>>> print(open('coords-v9.txt').read())   # compact mmCIF, C-alpha atoms
# COMPACT_ATOMS: atom_id res chain seq x y z
CA MET E 113 -11.49 12.32 37.68
CA SER E 114 -10.68 10.01 34.77
CA THR E 115 -12.95 7.16 33.84
CA THR E 116 -11.95 3.82 32.37
CA PRO E 117 -13.27 3.59 28.79
CA LEU E 118 -15.84 0.90 28.18
CA LEU E 119 -14.48 -1.99 26.14
CA PRO E 120 -16.34 -2.42 22.87
CA ASP E 121 -18.67 -5.40 22.65
CA SER E 122 -19.67 -4.87 19.03
CA LEU E 123 -18.50 -3.49 15.69
CA LEU E 124 -20.11 -1.58 12.83
CA LEU E 125 -19.99 -3.18 9.40
CA ASN E 126 -21.46 -1.27 6.45
CA GLY E 127 -23.62 0.70 8.87
CA ARG E 128 -24.97 -2.29 10.85
CA GLU E 129 -24.02 -3.25 14.36
CA PHE E 130 -22.83 -6.78 15.09
CA ARG E 131 -22.30 -7.84 18.69
CA TYR E 132 -19.20 -9.90 19.44
CA ASP E 133 -21.23 -12.56 21.25
CA ASP E 134 -23.23 -13.07 18.05
CA ILE E 135 -20.12 -13.02 15.85
CA ARG E 136 -18.60 -15.82 17.94
CA ARG E 137 -21.56 -17.98 16.90
CA TYR E 138 -21.52 -16.84 13.28
CA PRO E 139 -23.20 -17.84 10.98
CA ALA E 140 -25.94 -18.77 13.46
CA ASN E 141 -28.48 -15.97 13.85
CA SER E 142 -26.74 -13.86 11.20
CA PRO E 143 -28.77 -11.66 8.84
CA VAL E 144 -29.83 -13.41 5.67
CA ASP E 145 -28.96 -10.41 3.47
CA LEU E 146 -25.21 -10.35 4.09
CA ASN E 147 -23.15 -9.82 0.96
CA GLY E 148 -20.00 -11.85 0.25
CA TYR E 149 -17.61 -9.26 1.64
CA GLU E 150 -19.53 -8.87 4.88
CA ALA E 151 -19.63 -12.63 5.32
CA LYS E 152 -15.85 -12.91 4.94
CA VAL E 153 -15.21 -10.10 7.44
CA LEU E 154 -17.51 -11.66 10.02
CA ASP E 155 -15.99 -15.09 9.49
CA PHE E 156 -12.48 -13.78 10.14
CA CYS E 157 -13.68 -11.94 13.27
CA ARG E 158 -15.39 -15.17 14.41
CA GLN E 159 -12.12 -17.07 14.07
CA TRP E 160 -10.17 -14.42 15.99
CA LEU E 161 -12.73 -14.05 18.78
CA ASN E 162 -12.85 -17.84 19.19
CA GLY E 163 -9.06 -18.11 19.56
CA ALA E 164 -8.00 -19.57 16.21
CA GLN E 165 -4.22 -20.02 16.07
CA GLU E 166 -3.54 -20.05 12.31
CA PHE E 167 -4.83 -17.93 9.44
CA GLY E 168 -4.39 -18.23 5.69
CA LEU E 169 -3.51 -14.98 3.93
CA ARG E 170 -3.23 -14.28 0.23
CA THR E 171 -0.32 -12.23 -1.09
CA SER E 172 -1.26 -9.38 -3.40
CA GLY E 173 0.40 -10.86 -6.47
CA SER E 174 1.89 -7.53 -7.51
CA THR E 175 5.22 -9.13 -8.45
CA GLY E 176 4.16 -12.68 -9.20
CA LYS E 177 1.36 -15.16 -8.73
CA PRO E 178 -0.70 -14.67 -5.54
CA GLN E 179 0.25 -17.20 -2.89
CA LEU E 180 -1.39 -18.48 0.27
CA VAL E 181 0.71 -17.75 3.36
CA THR E 182 -0.10 -19.29 6.75
CA MET E 183 0.42 -16.92 9.67
CA ARG E 184 0.25 -17.77 13.36
CA ARG E 185 -1.92 -15.81 15.75
CA ARG E 186 1.10 -14.74 17.78
CA GLN E 187 2.64 -13.07 14.73
CA LEU E 188 -0.49 -11.06 13.98
CA ALA E 189 -1.01 -10.15 17.63
CA ALA E 190 2.61 -8.99 17.95
CA SER E 191 2.21 -6.75 14.90
CA ALA E 192 -1.02 -5.28 16.26
CA ARG E 193 0.48 -4.54 19.67
CA ARG E 194 3.56 -2.93 18.12
CA THR E 195 1.39 -0.58 16.06
CA GLY E 196 -0.77 0.16 19.08
CA ASP E 197 2.27 1.04 21.19
CA TYR E 198 3.78 3.23 18.48
CA PHE E 199 0.61 5.28 17.95
CA ASP E 200 -0.65 5.10 21.55
CA LEU E 201 -3.86 3.30 20.54
CA GLY E 202 -5.98 1.68 23.20
CA PRO E 203 -9.47 1.00 24.55
CA GLY E 204 -11.88 3.75 23.60
CA ASP E 205 -10.08 4.78 20.43
CA ARG E 206 -12.04 4.62 17.18
CA MET E 207 -10.65 3.03 14.05
CA LEU E 208 -11.89 3.19 10.47
CA VAL E 209 -11.32 0.01 8.44
CA CYS E 210 -11.74 0.74 4.73
CA LEU E 211 -9.04 -1.45 3.15
CA ASN E 212 -9.87 -4.81 1.60
CA CYS E 213 -9.90 -7.21 4.57
CA GLU E 214 -9.14 -10.18 2.32
CA PHE E 215 -5.53 -8.96 2.17
CA VAL E 216 -3.04 -8.31 4.95
CA GLY E 217 -3.43 -4.52 5.14
CA GLY E 218 -7.16 -4.63 5.83
CA MET E 219 -7.10 -7.83 7.82
CA MET E 220 -4.48 -6.42 10.19
CA MET E 221 -6.73 -3.42 10.82
CA LEU E 222 -9.33 -5.91 12.09
CA VAL E 223 -6.71 -7.63 14.27
CA ARG E 224 -5.60 -4.29 15.74
CA GLY E 225 -9.16 -3.42 16.61
CA LEU E 226 -9.92 -6.78 18.22
CA GLU E 227 -6.55 -7.13 19.97
CA LEU E 228 -6.40 -3.55 21.28
CA ASN E 229 -10.13 -3.22 22.13
CA LEU E 230 -10.72 -0.41 19.66
CA HIS E 231 -14.11 0.64 18.36
CA LEU E 232 -14.26 -0.76 14.83
CA THR E 233 -16.15 0.88 11.97
CA ILE E 234 -15.75 -1.23 8.84
CA VAL E 235 -16.86 -0.18 5.36
CA GLU E 236 -16.52 -2.08 2.12
CA PRO E 237 -13.58 -0.79 0.03
CA HIS E 238 -14.61 2.39 -1.77
CA ALA E 239 -12.74 5.23 -3.47
CA ASP E 240 -14.04 7.70 -0.86
CA PRO E 241 -14.83 5.68 2.27
CA LEU E 242 -15.89 8.73 4.29
CA ALA E 243 -18.71 9.31 1.80
CA LEU E 244 -20.29 6.08 3.09
CA LEU E 245 -20.40 7.34 6.68
CA PRO E 246 -22.39 9.97 8.58
CA ILE E 247 -20.70 13.36 8.73
CA THR E 248 -20.71 13.02 12.52
CA ALA E 249 -18.57 9.85 12.45
CA GLN E 250 -15.12 10.61 13.85
CA PHE E 251 -12.03 8.41 14.11
CA ASP E 252 -8.65 8.30 15.82
CA PHE E 253 -6.85 6.06 13.35
CA ALA E 254 -7.24 4.93 9.74
CA SER E 255 -5.31 3.37 6.89
CA PHE E 256 -5.86 4.26 3.23
CA VAL E 257 -4.47 3.33 -0.15
CA PRO E 258 -3.28 6.43 -2.06
CA LEU E 259 -6.37 6.50 -4.28
CA GLN E 260 -8.64 6.68 -1.24
CA LEU E 261 -6.65 9.42 0.46
CA ARG E 262 -6.64 11.46 -2.74
CA GLU E 263 -10.43 11.12 -3.07
CA VAL E 264 -11.04 12.00 0.59
CA LEU E 265 -8.97 15.17 0.19
CA ALA E 266 -10.69 16.00 -3.10
CA HIS E 267 -14.02 15.97 -1.24
CA ASN E 268 -12.80 18.51 1.32
CA GLN E 269 -12.56 16.08 4.25
CA ALA E 270 -9.22 17.31 5.58
CA ALA E 271 -10.84 18.62 8.76
CA ARG E 272 -12.09 15.13 9.65
CA LEU E 273 -8.67 13.64 9.00
CA ASN E 274 -6.98 16.26 11.16
CA ARG E 275 -8.91 15.06 14.23
CA MET E 276 -7.13 11.69 14.07
CA LYS E 277 -4.01 10.61 15.98
CA ALA E 278 -2.36 9.27 12.81
CA ILE E 279 -3.04 8.01 9.30
CA LEU E 280 -1.29 5.21 7.44
CA VAL E 281 -1.05 5.10 3.67
CA GLY E 282 0.29 2.17 1.67
CA GLY E 283 -0.39 -0.55 -0.87
CA ALA E 284 0.77 1.57 -3.82
CA THR E 285 3.09 4.41 -4.73
CA VAL E 286 2.28 7.83 -3.28
CA GLU E 287 2.63 10.15 -6.26
CA SER E 288 4.36 13.50 -5.82
CA SER E 289 1.12 15.40 -6.43
CA LEU E 290 -0.57 13.56 -3.55
CA GLU E 291 2.47 14.01 -1.35
CA LYS E 292 2.14 17.77 -1.84
CA GLU E 293 -1.49 17.63 -0.70
CA ILE E 294 -0.50 15.62 2.36
CA GLN E 295 1.80 18.48 3.44
CA LEU E 296 -1.32 20.55 4.15
CA LEU E 297 -2.62 18.05 6.72
CA LYS E 298 -1.95 18.52 10.42
CA VAL E 299 -2.50 14.86 11.29
CA PRO E 300 0.72 12.80 11.07
CA VAL E 301 0.68 10.71 7.87
CA TYR E 302 2.98 7.72 7.48
CA LEU E 303 3.90 5.68 4.41
CA THR E 304 4.11 2.03 5.38
CA TYR E 305 6.62 -0.65 4.42
CA GLY E 306 5.74 -4.29 4.85
CA MET E 307 4.24 -7.36 3.23
CA THR E 308 2.08 -10.35 3.98
CA GLU E 309 5.04 -12.34 5.30
CA THR E 310 5.79 -9.62 7.90
CA ALA E 311 2.16 -9.30 9.06
CA SER E 312 1.77 -5.86 7.50
CA HIS E 313 4.13 -2.94 8.13
CA ILE E 314 7.45 -3.22 9.91
CA ALA E 315 8.68 0.27 9.03
CA LEU E 316 7.20 3.74 8.57
CA ARG E 317 8.18 6.92 6.72
CA ARG E 318 6.73 10.25 7.85
CA LEU E 319 5.26 12.14 4.90
CA ASN E 320 4.41 15.49 6.51
CA GLY E 321 5.11 17.81 9.39
CA PRO E 322 8.46 18.68 11.01
CA ALA E 323 9.51 15.01 11.14
CA VAL E 324 9.10 14.43 7.36
CA THR E 325 11.84 12.18 6.01
CA PRO E 326 12.83 10.28 2.85
CA PHE E 327 13.89 7.31 5.00
CA TYR E 328 11.99 4.45 6.63
CA GLN E 329 12.32 3.87 10.37
CA VAL E 330 11.74 0.30 11.53
CA LEU E 331 9.49 -0.24 14.52
CA PRO E 332 11.02 -1.30 17.85
CA GLY E 333 11.96 -4.98 18.01
CA ILE E 334 12.36 -5.39 14.23
CA HIS E 335 15.81 -6.56 13.07
CA ILE E 336 16.86 -5.72 9.51
CA GLY E 337 19.85 -6.50 7.29
CA GLN E 338 20.80 -7.04 3.64
CA ASP E 339 21.56 -10.02 1.45
CA ALA E 340 24.24 -10.23 -1.24
CA ARG E 341 21.98 -8.42 -3.72
CA GLY E 342 21.52 -5.47 -1.39
CA CYS E 343 17.93 -6.52 -0.63
CA LEU E 344 16.33 -6.03 2.76
CA THR E 345 16.08 -8.92 5.21
CA VAL E 346 13.75 -8.93 8.21
CA ARG E 347 13.63 -11.01 11.38
CA ALA E 348 11.25 -10.44 14.32
CA ASP E 349 8.34 -11.91 16.23
CA VAL E 350 6.10 -10.92 13.30
CA THR E 351 8.07 -13.31 11.07
CA ASP E 352 7.95 -15.97 13.79
CA ASP E 353 11.68 -15.30 14.30
CA ARG E 354 12.44 -16.59 10.82
CA LEU E 355 14.58 -14.61 8.38
CA VAL E 356 12.44 -13.13 5.59
CA THR E 357 14.40 -12.07 2.51
CA THR E 358 12.66 -9.47 0.37
CA ASN E 359 13.19 -8.39 -3.23
CA ASP E 360 13.46 -4.74 -2.18
CA ARG E 361 16.83 -3.10 -2.78
CA VAL E 362 17.68 -0.73 0.06
CA ARG E 363 20.47 1.43 1.44
CA LEU E 364 20.93 0.87 5.16
CA LEU E 365 21.74 4.04 7.08
CA ASP E 366 21.93 2.26 10.44
CA ALA E 367 20.37 -0.70 12.23
CA HIS E 368 16.98 1.01 12.32
CA THR E 369 16.83 3.20 9.19
CA PHE E 370 16.85 2.49 5.46
CA GLU E 371 16.23 4.10 2.11
CA TRP E 372 14.10 2.12 -0.32
CA LEU E 373 15.69 2.02 -3.78
CA GLY E 374 13.30 -0.22 -5.70
CA ARG E 375 12.43 -3.80 -6.49
CA ALA E 376 15.27 -6.10 -7.51
CA ASP E 377 12.93 -7.70 -10.03
CA PHE E 378 12.25 -4.26 -11.57
CA VAL E 379 15.90 -3.70 -12.45
CA ILE E 380 16.36 -3.31 -16.21
CA ASN E 381 19.63 -4.58 -17.66
CA SER E 382 20.15 -2.29 -20.65
CA GLY E 383 23.43 -2.76 -22.47
CA GLY E 384 25.02 -4.13 -19.30
CA VAL E 385 23.91 -1.12 -17.23
CA LYS E 386 21.43 -1.82 -14.45
CA VAL E 387 18.61 0.72 -14.38
CA GLN E 388 16.19 0.91 -11.45
CA ALA E 389 12.72 1.33 -12.96
CA GLU E 390 11.30 3.20 -9.98
CA LYS E 391 13.90 5.97 -10.29
CA VAL E 392 12.90 6.59 -13.91
CA GLU E 393 9.23 6.51 -12.91
CA GLN E 394 9.73 9.33 -10.41
CA VAL E 395 11.23 11.55 -13.11
CA LEU E 396 8.50 10.53 -15.56
CA GLU E 397 5.78 11.40 -13.05
CA VAL E 398 7.17 14.89 -12.45
CA ALA E 399 7.56 15.51 -16.19
CA LEU E 400 3.96 14.50 -16.86
CA ALA E 401 2.76 16.82 -14.08
CA GLU E 402 4.66 19.70 -15.70
CA LEU E 403 2.84 18.92 -18.95
CA GLY E 404 -0.52 19.16 -17.16
CA LEU E 405 -1.01 15.39 -16.78
CA PRO E 406 -0.50 14.81 -13.03
CA ASN E 407 -2.79 11.79 -12.74
CA ARG E 408 -1.76 9.88 -15.87
CA ARG E 409 -0.95 6.29 -14.80
CA THR E 410 2.46 5.13 -15.96
CA PHE E 411 5.22 2.68 -15.19
CA VAL E 412 8.64 1.80 -16.58
CA ALA E 413 9.83 -1.68 -17.52
CA GLY E 414 12.28 -3.44 -19.82
CA ARG E 415 11.36 -4.85 -23.22
CA PRO E 416 13.51 -7.29 -25.21
CA ASP E 417 16.05 -5.62 -27.49
CA ALA E 418 18.42 -7.42 -29.85
CA ARG E 419 21.31 -5.01 -29.18
CA LEU E 420 20.80 -3.95 -25.55
CA GLY E 421 19.22 -7.09 -24.15
CA GLU E 422 16.51 -4.93 -22.61
CA GLN E 423 15.45 -1.43 -23.49
CA VAL E 424 13.98 1.01 -21.00
CA THR E 425 10.35 1.58 -21.93
CA ALA E 426 7.71 3.93 -20.53
CA PHE E 427 4.16 2.57 -20.49
CA LEU E 428 1.30 5.09 -20.36
CA GLU E 429 -2.33 4.20 -19.74
CA GLY E 430 -4.92 5.65 -22.08
CA ALA E 431 -4.89 7.34 -25.46
CA PRO E 432 -1.61 8.41 -27.12
CA LEU E 433 -0.29 11.87 -26.33
CA PRO E 434 -0.35 14.43 -29.14
CA GLU E 435 2.91 14.28 -31.06
CA ALA E 436 4.17 17.65 -29.81
CA GLN E 437 3.42 16.73 -26.20
CA ALA E 438 5.12 13.34 -26.56
CA LYS E 439 8.24 15.00 -27.98
CA LYS E 440 8.28 17.48 -25.11
CA LEU E 441 7.97 14.62 -22.61
CA LEU E 442 10.85 12.71 -24.16
CA ALA E 443 12.93 15.90 -24.23
CA LEU E 444 12.34 16.47 -20.49
CA LEU E 445 13.31 12.87 -19.73
CA GLY E 446 16.43 13.26 -21.87
CA GLU E 447 17.48 16.31 -19.85
CA ARG E 448 16.96 14.71 -16.44
CA LEU E 449 18.08 11.11 -16.88
CA GLU E 450 21.38 9.48 -17.68
CA ARG E 451 21.82 8.08 -21.17
CA TYR E 452 20.95 4.47 -20.32
CA GLU E 453 18.07 5.49 -18.04
CA ARG E 454 16.14 7.33 -20.76
CA PRO E 455 13.05 5.49 -22.10
CA ARG E 456 13.64 4.54 -25.70
CA GLU E 457 9.92 4.48 -26.49
CA LEU E 458 6.50 5.37 -25.16
CA VAL E 459 4.00 2.53 -25.25
CA TYR E 460 0.31 3.29 -24.81
CA VAL E 461 -1.96 0.73 -23.18
CA PRO E 462 -5.74 1.30 -23.14
CA ARG E 463 -5.99 -0.06 -19.59
CA PHE E 464 -3.32 -1.43 -17.28
CA ARG E 465 -3.89 -4.86 -15.80
CA THR E 466 -4.25 -5.14 -12.04
CA THR E 467 -4.04 -7.86 -9.42
CA ALA E 468 -6.94 -9.15 -7.34
CA SER E 469 -6.07 -6.59 -4.66
CA GLY E 470 -6.17 -3.72 -7.16
CA LYS E 471 -2.41 -3.22 -7.49
CA LEU E 472 -0.79 -2.54 -10.83
CA ASP E 473 0.32 -5.79 -12.46
CA ARG E 474 3.35 -4.72 -14.46
CA LEU E 475 4.38 -8.16 -15.66
CA SER E 476 0.95 -9.06 -16.97
CA THR E 477 0.59 -5.68 -18.66
CA VAL E 478 3.94 -5.98 -20.40
CA ARG E 479 3.23 -9.56 -21.50
CA SER E 480 -0.08 -8.44 -23.00
CA ILE E 481 1.84 -6.34 -25.53
CA ALA E 482 3.31 -8.77 -28.03
CA ALA E 483 5.04 -6.34 -30.37
CA PRO E 484 5.46 -2.60 -30.96
CA ARG E 485 2.37 -0.97 -32.42
CA PRO E 486 2.06 2.02 -34.77
CA ASP E 487 1.08 4.30 -31.83
CA GLU E 488 4.38 3.71 -30.03
CA GLN E 489 6.62 6.76 -30.19
CA ARG E 490 10.40 6.70 -30.11
CA PRO E 491 12.79 9.54 -29.28
>>> encode(input="coords-v9.txt", output="structure tokens")
Amino acid sequence: MSTTPLLPDSLLLNGREFRYDDIRRYPANSPVDLNGYEAKVLDFCRQWLNGAQEFGLRTSGSTGKPQLVTMRRRQLAASARRTGDYFDLGPGDRMLVCLNCEFVGGMMMLVRGLELNLHLTIVEPHADPLALLPITAQFDFASFVPLQLREVLAHNQAARLNRMKAILVGGATVESSLEKEIQLLKVPVYLTYGMTETASHIALRRLNGPAVTPFYQVLPGIHIGQDARGCLTVRADVTDDRLVTTNDRVRLLDAHTFEWLGRADFVINSGGVKVQAEKVEQVLEVALAELGLPNRRTFVAGRPDARLGEQVTAFLEGAPLPEAQAKKLLALLGERLERYERPRELVYVPRFRTTASGKLDRLSTVRSIAAPRPDEQRP
């Protein structure tokens, strides 16, 4: 005889229980020792529980200045229900919220929990969120940034992950070394595609198991297309039925499937040849792993060049490579890339700049380097 699961009437935030009736009256009767993050989480939950119809969200700023986007409740609720339907989430299921709730990825985890009557366990963003929780704490659904998933796996927590229905990963590139580790997990792991303007993800790519694929599958009810640049367009209830034009170059396989090629604003025009930075980055990442540097942070961008207009440049975080290792790296890139795709120099940056949400800020990092330095190495 099946029993109807009890609907949650509270949530856990940094190990403390907060009842929904009290959150509706927040900040009345709230603990005096709340930190700033806890206060923001509770304030958002207060607004949602009290029926607020509009919410201001900040974009991550990874490709420009952060902007404030106003989203309607119906958009966020539609996104939450679509995710719930896709992963069969409902009352009684337990969800871990460990993303930054000040941005759309984490905030939508809160909406899913409140809209779908899930049991919410919220922890402040941390490299290894499971380390903040009792070993007995179990979950059905979670979303991580790649750094978090890597740390969780490094601390031998795969068994806890494998008890979940599904795991989302997004917010940054999943490096090939992490993707290999994900293959060992039994729980389905999905790479997400979406943005603030689409109320989080609108498409998923399976990273492991028999259904692994290099292509994104859009969720039911999402309509996609392309503009003249070959960039993805999206229209659905999550965009309030308005056409959202992205800066992501894609190859459409059909009305529901696409291959992500890279950002239009990351295209490098070198000698009249358009080079997609992300393609070069994938080759660079593999080459570094072969040289025993799998976790070295890098990216590729264009720098002004009098003859070419822009020259393809590889930026590496940290100290310069030994000369022999740098030459070997450039040789590997020369073997695996077309002539105009090959980085013409390696530029070392002590520390990459990041956005408020922790994403790599390529533009700011490149602008911080005024001119070539003696430690830059050319092929």
>>> closest_residue(input="coords-v9.txt", among="E:Gln437, E:Asn320, E:Thr477, E:Ser142", to="E:Ile279", atoms="all atoms listed in the file")
E:Asn320
>>> atom_distance(input="coords-v9.txt", atom1="atom CA of E:Asn274", atom2="atom CA of E:Arg224")
21.1 Å
>>> residues_around(input="coords-v9.txt", residues="E:Gln388", least_positions_apart="3", cutoff="10 Å", atoms="all atoms listed in the file", output="list in words")
Arg361, Leu373, Gly374, Arg375, Ala376, Asp377, Phe378, Val379, Ile380, Asn381, Val385, Lys391, Val392, Glu393, Val412, Ala413, Val424 and Glu453 of chain E
>>> atom_distance(input="coords-v9.txt", atom1="atom CA of E:Glu429", atom2="atom CA of E:His313")
29.5 Å
>>> atom_distance(input="coords-v9.txt", atom1="atom CA of E:Lys439", atom2="atom CA of E:Ser476")
27.4 Å
>>> closest_residue(input="coords-v9.txt", among="E:Thr369, E:Thr467, E:Thr304, E:Asn229", to="E:Phe215", atoms="all atoms listed in the file")
E:Thr467
>>> closest_residue(input="coords-v9.txt", among="E:Leu403, E:Leu458, E:Thr466, E:Cys157", to="E:Lys440", atoms="all atoms listed in the file")
E:Leu403
>>> axis_aligned_box(input="coords-v9.txt", around="stretch 323-333 of chain E", padding_each_side="4 Å", output="JSON")
{"center_x": 11.5, "center_y": 5.0, "center_z": 10.4, "size_x": 12.8, "size_y": 28.0, "size_z": 23.2}
>>> closest_residue(input="coords-v9.txt", among="E:Val257, E:Leu420, E:Leu297, E:Val330", to="E:Ala367", atoms="all atoms listed in the file")
E:Val330
>>> build_atoms(input="coords-v9.txt", residues="stretch 189-217 of chain E", atoms="N, CA and C atoms", output="compact mmCIF listing (two decimals), in the frame of the given file")
# COMPACT_ATOMS: atom_id res chain seq x y z
N ALA E 189 -0.80 -10.88 16.38
CA ALA E 189 -1.01 -10.15 17.63
C ALA E 189 0.20 -9.27 17.95
N ALA E 190 1.41 -9.78 17.69
CA ALA E 190 2.61 -8.99 17.95
C ALA E 190 2.64 -7.74 17.08
N SER E 191 2.26 -7.89 15.81
CA SER E 191 2.21 -6.75 14.90
C SER E 191 1.19 -5.72 15.38
N ALA E 192 0.03 -6.19 15.80
CA ALA E 192 -1.02 -5.28 16.26
C ALA E 192 -0.57 -4.51 17.50
N ARG E 193 0.04 -5.20 18.44
CA ARG E 193 0.48 -4.54 19.67
C ARG E 193 1.58 -3.52 19.39
N ARG E 194 2.47 -3.85 18.45
CA ARG E 194 3.56 -2.93 18.12
C ARG E 194 2.99 -1.64 17.52
N THR E 195 2.02 -1.76 16.63
CA THR E 195 1.39 -0.58 16.06
C THR E 195 0.64 0.21 17.13
N GLY E 196 -0.05 -0.50 18.00
CA GLY E 196 -0.77 0.16 19.08
C GLY E 196 0.15 0.95 19.99
N ASP E 197 1.30 0.36 20.33
CA ASP E 197 2.27 1.04 21.19
C ASP E 197 2.84 2.27 20.49
N TYR E 198 3.15 2.14 19.21
CA TYR E 198 3.78 3.23 18.48
C TYR E 198 2.86 4.44 18.38
N PHE E 199 1.57 4.19 18.14
CA PHE E 199 0.61 5.28 17.95
C PHE E 199 -0.26 5.55 19.18
N ASP E 200 0.08 4.89 20.30
CA ASP E 200 -0.65 5.10 21.55
C ASP E 200 -2.15 4.84 21.36
N LEU E 201 -2.46 3.70 20.75
CA LEU E 201 -3.86 3.30 20.54
C LEU E 201 -4.29 2.35 21.65
N GLY E 202 -5.49 2.53 22.13
CA GLY E 202 -5.98 1.68 23.20
C GLY E 202 -7.49 1.75 23.34
N PRO E 203 -8.02 1.07 24.35
CA PRO E 203 -9.47 1.00 24.55
C PRO E 203 -10.12 2.39 24.51
N GLY E 204 -11.18 2.48 23.75
CA GLY E 204 -11.88 3.75 23.60
C GLY E 204 -11.56 4.47 22.31
N ASP E 205 -10.42 4.15 21.71
CA ASP E 205 -10.08 4.78 20.43
C ASP E 205 -10.93 4.18 19.31
N ARG E 206 -11.15 5.00 18.29
CA ARG E 206 -12.04 4.62 17.18
C ARG E 206 -11.23 4.45 15.90
N MET E 207 -11.43 3.33 15.24
CA MET E 207 -10.65 3.03 14.05
C MET E 207 -11.55 2.78 12.85
N LEU E 208 -11.19 3.40 11.73
CA LEU E 208 -11.89 3.19 10.47
C LEU E 208 -11.16 2.12 9.67
N VAL E 209 -11.88 1.10 9.25
CA VAL E 209 -11.32 0.01 8.44
C VAL E 209 -11.95 0.09 7.06
N CYS E 210 -11.18 0.58 6.08
CA CYS E 210 -11.74 0.74 4.73
C CYS E 210 -10.87 0.07 3.67
N LEU E 211 -9.83 -0.66 4.08
CA LEU E 211 -9.04 -1.45 3.15
C LEU E 211 -9.70 -2.81 2.95
N ASN E 212 -9.33 -3.49 1.89
CA ASN E 212 -9.87 -4.81 1.60
C ASN E 212 -9.37 -5.80 2.65
N CYS E 213 -10.27 -6.33 3.46
CA CYS E 213 -9.90 -7.21 4.57
C CYS E 213 -9.53 -8.62 4.12
N GLU E 214 -9.59 -8.89 2.82
CA GLU E 214 -9.14 -10.18 2.32
C GLU E 214 -7.62 -10.21 2.14
N PHE E 215 -6.97 -9.04 2.29
CA PHE E 215 -5.53 -8.96 2.17
C PHE E 215 -4.96 -8.41 3.48
N VAL E 216 -3.64 -8.53 3.63
CA VAL E 216 -3.04 -8.31 4.95
C VAL E 216 -3.28 -6.91 5.50
N GLY E 217 -3.27 -5.88 4.65
CA GLY E 217 -3.43 -4.52 5.14
C GLY E 217 -4.76 -4.32 5.85
